[in-house]
Amino acid sequence: MLGLYIILIFHFSVVYSQFPRVCTTHTNLTKICCPKWKDGSPCGSRSGRGECNDTMSLLYESLNQTGQVLQRNDDRLLWPIHYYDRACHCNGNYGGFDCGDCKFGYFGSTCDRKRLLIRKEIREFSHLKRKRFFSYLSLAKMTTSKDFVVLSTGDRHHRDTYNFVDASVYNVFAWIHYYSMKPLLLNNSFHHEIGYAHEGPAFPGWHRLGLLFLERQIQLMTGDEHFFLPYYDWRGEKKCSICTDEFLGDNDVQGRISRYSYFSHWKSICSGYNYEDAYCPYAMNEHQMEKLLRKPGTNPLADWLPSFQDVNDTLRFKDYDTPPYNSASKNSFRNALEGFLKASDGVTFARGMHNLVHVYMGGTMSQVPISGNDPIFILHHCFIDKIYEKWIIENNATSDTYPNNHRTGQRPYECITPYFPCWRNRELLRTSRDFGYKYSEYQNF
């Protein structure tokens with residue numbers, strides 16, 4: 001069966017990604033990323049799939065929303081204009097960096113057929129389906145992506161040190177989270193209070209897009225168009241019930257994953273050198289990577305998981321987010337969900353919800369920049385996404401609900417860093433059905 005999966009890999013080539021290999025050399029970008037589709041035209045323009053457009057239009061629209069002009073110092077600012085002068089803009093339901101794929105939720109040669117996957121709780125899986133899921137993750141962990149690469153450098157101040165290197169399908173997913181969390185470089189100084197994936201209104205949507213990205217990559221890698229990511233409903237648990245060898249793996253007192261687990265030999269890309277001026281400098285050096293660690297429930301300051309009441313309290317907030325649109329926001333659904341705000345009163349700042357689960361799990365999960373290396377990250381964030389979806393439905397929220405704000409990386413019309421082609425922050429505040437999935441009812445809210 002594994003051999004079949006490996007053969008299937010070579011039949012799929014379109015992805016949603018940051019640095020498409022076809023637009024990248026080891027140290028340089030082509031600046032024009034408009035690959036030819038199979039009809040021989042850039043972005044499939046001859047077939048009406050897309051056009052090769054000037055990326056500066058993305059900058060102008062973002063600036064028109066804010067009236068601000070930022071010095072281009074950090075390579076992620078006003079994504080993706082630092083890397084690409086021109087890129088594909090896909091029409092209709094077409095998607096991918098070359099418009100050769102379909103947007104999430106659509107399939108078929110002309111992307112005219114809709115589908116709806118049902119993401120289930122992992123304990124709803126049969127033994128066979130659970131083993132298949134773990135096998136798919138293992139394949140993604142060991143399969144070098146033929147479609148895109150990741151950025152590595154030991155000195156963010158000097159662009160001539162930037163290097164684009166190979167990574168596995170799963171490691172690209174983990175790297176994207178790591179890359180988004182690096183402090184912002186402005187005027188040659190680092191600003192830790194500014195981020196792309198956290199501490200602002202982009203938090204739920206950014207992670208929703210990350211899950212869609214990985215889900216689609218595994219579908220393309222295996223040829224299994226019915227594959228979906230599961231979630232872990234941790235509400236009210238006294239201990240992590242999936243931290244066993246039957247599920248995500250047991251661990252010893254030092255945090256090492258059991259040798260009977262699928263994940264016992266996993267190593268964490270970008271681990272061991274969390275320097276603010278570096279981007280994963282040893283991305284291809286296995287000897288520099290730390291092994292996956294997990295120590296659930298051993299931190300006395302976070303030895304419990306969020307309760308049913310915590311989730312219910314989080315869902316009661318009617319405002320998606322509130323000024324100042326960061327970790328100090330009060331009476332904010334987003335801030336309570338992210339876990340900086342005590343959900344029971346809406347004004348006290350305390351660790352809870354999303355943040356609490358990261359700290360509870362310990363080890364790699366508690367090192368948030370590299371936490372995507374632990375597959376529990378996927379199941380945890382799928383449940384966060386389910387809570388997000390519940391709030392969207394109950395409040396009839398749409399992209400227009402996304403708040404106007406002037407925070408770098410969090411503004412409604414900014415492209416979500418570092419995804420390519422452009423997805424704007426506000427576009428992910430829509431029901432999951434628009435992206436081709438919904439959630440099972442494992443336990444009622």
# chains A, B, ... in the order shown; residues from 1 in each chain; ligands from 1

call {"tool": "residues_around", "arguments": {"residues": "range 228-237 of chain A", "least_positions_apart": "6", "cutoff": "8 Å", "atoms": "only C-alpha atoms", "output": "PyMOL selection string"}}
result
chain A and resi 117-123+211+215+304-308+311+378-383+443

call {"tool": "residues_around", "arguments": {"residues": "Tyr94 in chain A", "least_positions_apart": "5", "cutoff": "10 Å", "atoms": "only C-alpha atoms", "output": "MDAnalysis selection string"}}
result
chainID A and resid 44 48:50 89 99:104 106:107 109:112

call {"tool": "write_last_selection", "arguments": {"atoms": "N, CA, C and O atoms", "output": "compact mmCIF listing (two decimals), in the first residue's frame"}}
result
# COMPACT_ATOMS: atom_id res chain seq x y z
N GLY A 44 -2.63 29.30 -17.38
CA GLY A 44 -3.76 28.73 -18.11
C GLY A 44 -4.66 29.78 -18.73
O GLY A 44 -5.87 29.57 -18.92
N GLY A 48 -8.76 30.20 -20.02
CA GLY A 48 -9.60 31.00 -19.16
C GLY A 48 -9.46 30.73 -17.68
O GLY A 48 -10.29 31.18 -16.88
N ARG A 49 -8.39 30.02 -17.31
CA ARG A 49 -8.25 29.67 -15.90
C ARG A 49 -7.72 30.84 -15.07
O ARG A 49 -8.07 31.00 -13.90
N GLY A 50 -6.84 31.67 -15.64
CA GLY A 50 -6.28 32.78 -14.88
C GLY A 50 -5.47 33.71 -15.74
O GLY A 50 -5.33 33.50 -16.96
N HIS A 89 -3.34 35.19 -11.11
CA HIS A 89 -4.63 35.49 -10.48
C HIS A 89 -5.64 34.57 -11.14
O HIS A 89 -5.87 34.64 -12.35
N CYS A 99 -2.94 28.17 -11.31
CA CYS A 99 -4.37 28.06 -11.62
C CYS A 99 -4.71 26.68 -12.19
O CYS A 99 -5.74 26.53 -12.87
N GLY A 100 -3.88 25.71 -11.90
CA GLY A 100 -4.11 24.35 -12.40
C GLY A 100 -4.91 23.49 -11.45
O GLY A 100 -5.25 22.35 -11.78
N ASP A 101 -5.23 24.01 -10.27
CA ASP A 101 -6.01 23.27 -9.30
C ASP A 101 -7.37 23.96 -9.17
O ASP A 101 -7.68 24.90 -9.90
N CYS A 102 -8.19 23.48 -8.22
CA CYS A 102 -9.48 24.11 -7.93
C CYS A 102 -9.41 24.78 -6.57
O CYS A 102 -8.60 24.41 -5.72
N LYS A 103 -10.27 25.77 -6.36
CA LYS A 103 -10.40 26.35 -5.03
C LYS A 103 -10.91 25.30 -4.07
O LYS A 103 -11.56 24.32 -4.48
N PHE A 104 -10.65 25.50 -2.79
CA PHE A 104 -11.12 24.56 -1.79
C PHE A 104 -12.63 24.38 -1.92
O PHE A 104 -13.40 25.34 -2.04
N TYR A 106 -14.08 22.58 -4.38
CA TYR A 106 -14.47 22.29 -5.77
C TYR A 106 -13.54 21.24 -6.35
O TYR A 106 -12.38 21.11 -5.94
N PHE A 107 -14.05 20.50 -7.33
CA PHE A 107 -13.22 19.50 -7.99
C PHE A 107 -13.72 19.30 -9.41
O PHE A 107 -14.73 19.89 -9.83
N SER A 109 -12.37 18.58 -13.74
CA SER A 109 -11.43 19.17 -14.70
C SER A 109 -11.68 20.64 -14.93
O SER A 109 -10.77 21.40 -15.26
N THR A 110 -12.93 21.07 -14.74
CA THR A 110 -13.25 22.49 -14.89
C THR A 110 -13.69 23.10 -13.56
O THR A 110 -14.25 24.21 -13.54
N CYS A 111 -13.44 22.40 -12.48
CA CYS A 111 -13.71 22.90 -11.13
C CYS A 111 -15.17 23.35 -10.95
O CYS A 111 -15.45 24.34 -10.26
N ASP A 112 -16.08 22.62 -11.56
CA ASP A 112 -17.48 23.02 -11.52
C ASP A 112 -18.31 22.14 -10.59
O ASP A 112 -19.53 22.33 -10.47

call {"tool": "closest_residue", "arguments": {"among": "A:Val169, A:Arg156, A:Lys267, A:Thr398", "to": "Leu139 in chain A", "atoms": "only C-alpha atoms"}}
result
A:Val169

call {"tool": "residues_around", "arguments": {"residues": "Ile257 in chain A", "least_positions_apart": "6", "cutoff": "12 Å", "atoms": "only C-alpha atoms", "output": "list in words"}}
result
Cys243, Thr244, Asp245, Phe247, Leu248, Gly249, Asp250, Asn251, Phe263, Ser264, His265, Trp266, Lys267, Lys291, Leu292, Leu293, Arg294, Lys295, Pro296, Gly363, Thr364 and Asp374 of chain A

call {"tool": "select_by_dssp", "arguments": {"residues": "range 204-322 of chain A", "states": "alpha helix (DSSP H)", "output": "PyMOL selection string"}}
result
chain A and resi 204-222+308-315

call {"tool": "closest_residue", "arguments": {"among": "A:Arg426, A:Lys31, A:Lys342, A:His358", "to": "Cys240 in chain A", "atoms": "only C-alpha atoms"}}
result
A:His358

call {"tool": "closest_residue", "arguments": {"among": "A:Ala278, A:Met142, A:Ala174, A:Ile392", "to": "His207 in chain A", "atoms": "only C-alpha atoms"}}
result
A:Ala174

call {"tool": "select_by_dssp", "arguments": {"residues": "range 197-428 of chain A", "states": "strand (DSSP E)", "output": "ChimeraX atom specification"}}
result
/A:267-268,290-291

call {"tool": "closest_residue", "arguments": {"among": "A:Arg21, A:Lys114, A:Arg411, A:Lys38", "to": "Thr144 in chain A", "atoms": "only C-alpha atoms"}}
result
A:Arg21

call {"tool": "atom_distance", "arguments": {"atom1": "CA of Glu414 in chain A", "atom2": "CA of Ile81 in chain A"}}
result
11.3 Å

call {"tool": "residues_around", "arguments": {"residues": "Ile387 in chain A", "least_positions_apart": "2", "cutoff": "10 Å", "atoms": "only C-alpha atoms", "output": "VMD selection string"}}
result
chain A and resid 204 311 to 312 314 to 315 337 381 to 385 389 to 392 439 445

call {"tool": "residues_around", "arguments": {"residues": "Thr322 in chain A", "least_positions_apart": "6", "cutoff": "7 Å", "atoms": "only C-alpha atoms", "output": "list in words"}}
result
Ser329, Lys330 and Ser332 of chain A
